[in-house]
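A.B. asks: Here it is, the structure, as C-alpha cells.
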Amino acid sequence: MPLVMVLAGADDPWSDAAGQDLHGYVRAVSLDVRGVVPSAAELEAIEAVGELDDTTLDAWLATPAFTEIVVGEHQERFWNTLSLTLLNARRLSRRSGIYYTSARARTLRGANQAHCGEAEAVVDGNNRPLSWQTNPDGTLAEGWVWVAPYWDPETPIQVCALDAQLSAVSTTGVDCATEAGQTDASCGCGPALQWCASNDVEDAIEAALAADIDHRVRALLDSGAPYTTLFSGDALYLNGASAHFFRHLAAFRTDDYDVPVDVSDIPALDYGDPSFVAVTLPEHRRGVLTAPGWLLRHQTNRGRANRFYGGFLCSEFLPTEGPVDPVAEGVLPTPNLQVRSGCRDCHARLEPWAAYWGRWAQAGSRHLAPDEFPELSAVCATCADSAEGCPDVCEDHYIVESSHPDEDPYVGVLRPYAFLVGDKGLHPDEGPQGWTDRMRADGTLATCAVTKTTDWLLDAEPRDDDIEDWAAAFDADEDYRALVRRVVRSASYWDGAE
Amino acid sequence: MSGANDTRALWLGLLAGTVLTSCGTGSSGDKATEPGDDSPIANIDEESIPDASLGDGVTVPGPATPPSHRRQRKRMTVPQVRDSMQVIAGGVVWGDDERSDWDRYAATLGVADFQTRTTTDRTPSVLFQKFLDDAAVHTCAGWSAATSGDFDTLDDPESTDLDAVRTGVTGLRWRIHGRSRTTSDPMIDDATDLFATVYRRTDSTDLAWQTVCVALFTHPDFFMY
C-alpha cells in the first residue's frame, strides 16, 4: 500500500494523537488541563505507576492552572476585552506635562482645547484661581497647581487650576459629582481628581470590568456550582478601579451607565487595590449576560444576541443563498426586519433574541427600568405632534413617529418591544435569563458546552453518540470539571483509555 | 562580543534545525543531503525515468477522509510553549526579568486579543518556528549555564564516549519531548550524530549539547502534541 494512503487514513499518524503511548497521553493531558508539560518528578512518578491514575488527574483538575485554562477557554466565548472611550468628558489629557480636561475646555476657558498655560496658578483653598490671564483670542489661562491624584498619591502632578477645583457644590448650587457639574465652570475634578480619569485609569477600569467575567468563571470552578450559575449568578466582582468607576465616575454619563448595586454596597477599596471583591446583584441584573463587561464589549442588542448564539449555542446566522426580492419602485421597505426580504433569514430570529436585552442601554451598561421606561409612553406617542416637540428620552428610546404603515401600531412604544409577536413580546422583561432558561431546558446549552469543550480538547468532531452521552451527563450534573475529565478519559482522546 | 554571540546563535539554530527537523518518531532517520557535483541526485536524468516508477511518493497528506473522531495533534499555544520551556529548563525565561518575549510577541504570533482578533492562530507557521528557534537558542544557553539546573544528566558532561552521549541525548529527549527513555529510538541516532558533528567542528561539548537541546526544542515532538 502506498505510504501516502496510510498517512491519510483515519488514524493518520501525522495528525492522530489518540494513538500515542502513555507518555504522549500524559503530556497532552498536562498541557490541556494545566497548560504546561509534566515536571521531571511527575513524569518519573507516572512511569513508576504505569498510568495516569485518577488521583493524579483529579489533582491536576483541581489546580489553579486548570481554572485559568478554563477562564481562557471562556474568553474565547465571551470575547471579554474592552477597548472603549468610557468617559471622554472626564478624561484628563496632558499638554506640556500639565493635565487638563480638553472636553471641558470650552466650559472652563471659553474655547475647545484651551489650556491653562504654563505658569503656576494663584488659587484659594478650593483651587479656584484668584487671578488669570486673558489670551488674545479671549480664552482664559489660569495656570496650574500641584495635585496628588487618587491613582498615584505619592506622585503629585501639575493640573490646570480650574480642572483641579475641589468644591462639592458649585457657586450656583450644582452638585459637582453629577452630570450637571459637567457644564458648570466652578466644578472641577474634585478631591484628588476623583471625578476625572487619565488614560491609564480608563484602561484599568476597562480591564477590571472585563475581568469581572473571568472572576465569575473562576468562582464557578472554585465553588463547584452548576455551570448555568454563570447565567444566573448574583455576584459582581469589583476591584479598586471598577469600584472607583461606579462610585465616582459613572454618574457623569447617566444615559449610558448606572451603579449596579446600592452605592453603599460598593466595597471600600483604594483605587490601586487589585483584589476583586464580590458584591451581590439585584435579581434583574443576575447572570453574566448583563455584566457591565459583557454589555460594554457587545454594544448592541443584536451583537449581544449574536455572540451568545455563537459562543454558547454553537450556531451562526447565515442567510440563504439566492437573490433578494426586489423592492417595488416607490415602495418603502418595511422597518420590520423579521419579514423584510434579504433580512428575514437572520433577523426573523435575531430580532426577538436581541429583544432579551431590550431593557439594557446599547453602547452602555445601564438598566432601563420599567418605571422610568414603560413599554408604552403616552407622552412619546403624541410628542411628535406637539409644539414642544419630543423630549430626549422619547427621541432616544421610543418610536415617536411612524415611518411606514407597519410601524403605525408601535408609535409610543419602547423600541425593543416593536414588532415582537406573541410570547416574544415578553423577551425584554424576561431579560437574557429568559433565553438561557429556554436553552438550558431544551439541552442546547449543554450540547454546545460539550461541543466547545471537545473542540478545545480533541480538535476533532466527536461521534454523535459521544456528544449525546456527554451532553446528557453534563445536563444532569452541570459540572464543567467532570465534563473535561470525561473527554480526556475517553477513547477519542486516547485509545489506551479506560 | 555581541557579534560572536550572534554567530554562535546562528550556528546552533542552523545546525539543529537542519539535522533534526527532517526526522520524526518512527522515521528511519534519513539525513538531509546537500546535492553537490558528485551527488547521485545531481546526475539523475529525470526524463529517463518512466512515470510509473515514480510511485505515489511520500508526501504530506491532505485532510483525512472521513473526518477523524479522534484527538488531533495541536500546536502548543504561546503560553504553553512559554511555560513548558521554563519548566523544562529550570526557570530560564526567554526575555528579561520583567517580561517573557513570548508575551511581547504574542500579537505577532496571532494570539487572540478579542478586539482585532477573536481566534488564536495555532498553525506551526514559519513565524512561530522562527521565534521558537530564537527562544530555544536563548533557553538552551541559559539552561546549560545554570549551575543549579538539571541540563546535564551525565556524571561527566565533558565526556565524548558514545554510550555516554547516547544516554545524555536520551535524557534530554525524555525531558524535552516527554518520550520514554528508549535508546533504540531512531531520533537518538540523529541527535547523537548532531552532537558529534558539532563537537568535531567546535571542539566544545558545551556547544554540542546546546545544539542538541535547540534541535529538540524546535522539533515537532516538542511543540505538537
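Scheme for the C-alpha cells: letters A, B, ... for chains in order shown; per-chain residue numbers from 1; ligand numbers from 1 in order shown.
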Residues of chain B near chain A: apply a cut-off of 6 Å, count only C-alpha atoms, and supply the list as number ranges by chain.

C.D. replies: B: 58, 61, 64, 68-73, 80, 83-84, 114, 179, 225

A.B. asks: Give me the residues within 9 Å of A:Ala355 as a PyMOL selection string, counting only C-alpha atoms and dropping any in the same chain fewer than 4 places off.

C.D. replies: chain A and resi 301-302+305+350-351+359+416-417+420+424-429+431-432

A.B. asks: Write out as a PyMOL selection string all residues of stretch 109-240 of chain A that DSSP puts in alpha helix (DSSP H) for this structure's backbone.

C.D. replies: chain A and resi 109+199-223+240

A.B. asks: Quick one: residues within 12 Å of A:Ala59, only C-alpha atoms counted, chain neighbours fewer than 2 positions away excluded, as a count of residues only?

C.D. replies: 18

A.B. asks: Mind checking DSSP for stretch 200-290 of chain A and telling me the strand (DSSP E or B) residues as a VMD selection string?

C.D. replies: chain A and resid 235 to 238 277 to 280

A.B. asks: Quick one: write out the picked residues with N, CA and C atoms as a PDB file, in the first residue's frame?

C.D. replies:
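After the write, result17.pdb holds the following:
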```
ATOM      1  N   ALA A 235     -23.299  37.413  41.717  1.00  0.00           N
ATOM      2  CA  ALA A 235     -22.079  38.110  42.143  1.00  0.00           C
ATOM      3  C   ALA A 235     -21.511  38.987  41.021  1.00  0.00           C
ATOM      4  N   LEU A 236     -21.149  40.197  41.390  1.00  0.00           N
ATOM      5  CA  LEU A 236     -20.385  41.098  40.523  1.00  0.00           C
ATOM      6  C   LEU A 236     -19.053  41.313  41.231  1.00  0.00           C
ATOM      7  N   TYR A 237     -17.945  41.206  40.485  1.00  0.00           N
ATOM      8  CA  TYR A 237     -16.622  41.318  41.098  1.00  0.00           C
ATOM      9  C   TYR A 237     -16.017  42.685  40.779  1.00  0.00           C
ATOM     10  N   LEU A 238     -15.718  43.407  41.839  1.00  0.00           N
ATOM     11  CA  LEU A 238     -15.154  44.749  41.688  1.00  0.00           C
ATOM     12  C   LEU A 238     -13.773  44.799  42.327  1.00  0.00           C
ATOM     13  N   VAL A 277     -13.519  41.908  44.870  1.00  0.00           N
ATOM     14  CA  VAL A 277     -14.459  41.594  45.935  1.00  0.00           C
ATOM     15  C   VAL A 277     -15.840  41.388  45.303  1.00  0.00           C
ATOM     16  N   ALA A 278     -16.530  40.339  45.748  1.00  0.00           N
ATOM     17  CA  ALA A 278     -17.860  40.065  45.198  1.00  0.00           C
ATOM     18  C   ALA A 278     -18.906  40.916  45.893  1.00  0.00           C
ATOM     19  N   VAL A 279     -19.795  41.490  45.113  1.00  0.00           N
ATOM     20  CA  VAL A 279     -20.967  42.178  45.672  1.00  0.00           C
ATOM     21  C   VAL A 279     -22.204  41.501  45.092  1.00  0.00           C
ATOM     22  N   THR A 280     -23.290  41.553  45.861  1.00  0.00           N
ATOM     23  CA  THR A 280     -24.498  40.835  45.449  1.00  0.00           C
ATOM     24  C   THR A 280     -25.392  41.720  44.585  1.00  0.00           C
TER      25      THR A 280
END
```

A.B. asks: I need the residue nearest A:Gln362 from this list: A:Glu154, A:Asp345, A:Asp408, A:Asp256. Use only C-alpha atoms for the distance.

C.D. replies: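 Once distances to A:Gln362 are computed over only C-alpha atoms, the minimum belongs to A:Asp256.
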
A.B. asks: Which is closest to A:Arg307 among A:Asp469, A:Gln338, A:Ala354, A:Arg106, if we use only C-alpha atoms?

C.D. replies: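 Smallest separation from A:Arg307 among the options: A:Ala354.
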
A.B. asks: As a tab-separated table (two decimals) with all heavy atoms, in the first residue's frame, please: the residues near B:Asp156 (cut-off 10 Å, only C-alpha atoms, same-chain neighbours under 5 positions excluded).

C.D. replies:
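That gives us part-v7.tsv:
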```
chain	number	residue	atom	x	y	z
B	161	ASP	N	32.35	9.90	25.08
B	161	ASP	CA	32.13	8.47	24.93
B	161	ASP	C	30.74	8.25	24.31
B	161	ASP	O	29.75	8.85	24.77
B	161	ASP	CB	32.20	7.80	26.31
B	161	ASP	CG	31.81	6.34	26.23
B	161	ASP	OD1	32.63	5.55	25.75
B	161	ASP	OD2	30.65	6.01	26.61
B	164	ALA	N	27.89	7.24	26.55
B	164	ALA	CA	27.52	8.33	27.48
B	164	ALA	C	26.73	9.41	26.75
B	164	ALA	O	25.74	9.93	27.27
B	164	ALA	CB	28.79	8.93	28.09
B	165	VAL	N	27.16	9.73	25.53
B	165	VAL	CA	26.45	10.75	24.76
B	165	VAL	C	25.03	10.29	24.46
B	165	VAL	O	24.06	11.03	24.61
B	165	VAL	CB	27.21	11.08	23.46
B	165	VAL	CG1	26.36	11.96	22.53
B	165	VAL	CG2	28.53	11.78	23.77
B	168	GLY	N	22.97	10.69	27.43
B	168	GLY	CA	22.64	12.10	27.64
B	168	GLY	C	21.56	12.58	26.69
B	168	GLY	O	20.62	13.29	27.08
```

A.B. asks: When you count only C-alpha atoms, which of these residues is closest to A:Ile205: A:Thr85, A:Gln158, A:Thr451, A:Ser386?

C.D. replies: A:Thr85

A.B. asks: Between B:Phe195, B:Phe151, B:Lys74, B:Ala215, which one has atoms that come closest to B:Thr123, using only C-alpha atoms?

C.D. replies: B:Lys74

A.B. asks: Which neighbours of A:Leu445 fall inside 8 Å, counting only C-alpha atoms, when residues of the same chain fewer than 4 positions from it are skipped, and could you give them as a PyMOL selection string?

C.D. replies: chain A and resi 312-313+436+439-440+449

A.B. asks: Export all heavy atoms of the chosen residues as an mmCIF file, in the first residue's frame?

C.D. replies:
```cif
data_model
loop_
_atom_site.group_PDB
_atom_site.id
_atom_site.type_symbol
_atom_site.label_atom_id
_atom_site.label_comp_id
_atom_site.auth_asym_id
_atom_site.auth_seq_id
_atom_site.Cartn_x
_atom_site.Cartn_y
_atom_site.Cartn_z
ATOM 1 N N PHE A 312 -22.258 30.278 22.872
ATOM 2 C CA PHE A 312 -22.864 29.355 23.836
ATOM 3 C C PHE A 312 -23.959 28.466 23.249
ATOM 4 O O PHE A 312 -24.413 27.536 23.912
ATOM 5 C CB PHE A 312 -23.405 30.144 25.038
ATOM 6 C CG PHE A 312 -22.297 30.743 25.841
ATOM 7 C CD1 PHE A 312 -21.836 32.019 25.580
ATOM 8 C CD2 PHE A 312 -21.668 30.008 26.834
ATOM 9 C CE1 PHE A 312 -20.777 32.560 26.284
ATOM 10 C CE2 PHE A 312 -20.616 30.537 27.551
ATOM 11 C CZ PHE A 312 -20.167 31.822 27.281
ATOM 12 N N LEU A 313 -24.373 28.764 22.019
ATOM 13 C CA LEU A 313 -25.352 27.889 21.371
ATOM 14 C C LEU A 313 -24.771 27.269 20.099
ATOM 15 O O LEU A 313 -25.450 26.501 19.412
ATOM 16 C CB LEU A 313 -26.635 28.673 21.048
ATOM 17 C CG LEU A 313 -27.315 29.336 22.260
ATOM 18 C CD1 LEU A 313 -28.579 30.070 21.836
ATOM 19 C CD2 LEU A 313 -27.632 28.324 23.356
ATOM 20 N N THR A 436 -31.528 31.973 28.286
ATOM 21 C CA THR A 436 -30.686 30.894 28.801
ATOM 22 C C THR A 436 -31.531 29.812 29.479
ATOM 23 O O THR A 436 -31.216 28.629 29.377
ATOM 24 C CB THR A 436 -29.623 31.432 29.785
ATOM 25 O OG1 THR A 436 -30.264 32.180 30.812
ATOM 26 C CG2 THR A 436 -28.620 32.312 29.085
ATOM 27 N N MET A 439 -32.817 27.655 26.687
ATOM 28 C CA MET A 439 -31.756 26.860 26.069
ATOM 29 C C MET A 439 -31.234 25.772 27.014
ATOM 30 O O MET A 439 -30.779 24.729 26.579
ATOM 31 C CB MET A 439 -30.590 27.775 25.642
ATOM 32 C CG MET A 439 -30.944 28.767 24.560
ATOM 33 S SD MET A 439 -31.504 27.985 23.012
ATOM 34 C CE MET A 439 -33.287 28.130 23.153
ATOM 35 N N ARG A 440 -31.337 26.040 28.289
ATOM 36 C CA ARG A 440 -30.979 25.006 29.250
ATOM 37 C C ARG A 440 -32.032 23.904 29.217
ATOM 38 O O ARG A 440 -31.712 22.715 29.216
ATOM 39 C CB ARG A 440 -30.884 25.594 30.658
ATOM 40 C CG ARG A 440 -30.411 24.586 31.686
ATOM 41 C CD ARG A 440 -30.587 25.068 33.112
ATOM 42 N NE ARG A 440 -30.128 24.073 34.072
ATOM 43 C CZ ARG A 440 -30.779 22.953 34.348
ATOM 44 N NH1 ARG A 440 -31.899 22.660 33.726
ATOM 45 N NH2 ARG A 440 -30.287 22.091 35.227
ATOM 46 N N ALA A 449 -21.926 23.460 25.153
ATOM 47 C CA ALA A 449 -20.792 23.448 26.092
ATOM 48 C C ALA A 449 -19.909 22.235 25.818
ATOM 49 O O ALA A 449 -18.669 22.327 25.834
ATOM 50 C CB ALA A 449 -21.306 23.424 27.531
#
```

A.B. asks: Just the residues within 7 Å of A:Ala197, please, counting only C-alpha atoms, with nothing from its chain fewer than 6 positions along; format it as a list in words.

C.D. replies: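 Close residues of A:Ala197: Arg90, Arg91 and Leu92 of chain A.
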
A.B. asks: Would you compute the distance between atom CA of A:Pro409 and atom CA of A:Ala381? Give it in Å to one decimal.

C.D. replies: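 Atom-to-atom, atom CA of A:Pro409 and atom CA of A:Ala381 are spaced 10.3 Å apart.
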
A.B. asks: Tell me which of A:Phe231, A:Ser403, A:Tyr480, A:Ala384 sits closest to A:Arg438, counting only C-alpha atoms.

C.D. replies: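 Closest candidate: A:Phe231.
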
A.B. asks: Rank nothing, just name the residue among B:Thr205, B:Thr120, B:Thr170, B:Thr108 nearest to B:Ala191, using only C-alpha atoms.

C.D. replies: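 Counting only C-alpha atoms, the residue closest to B:Ala191 is B:Thr170.
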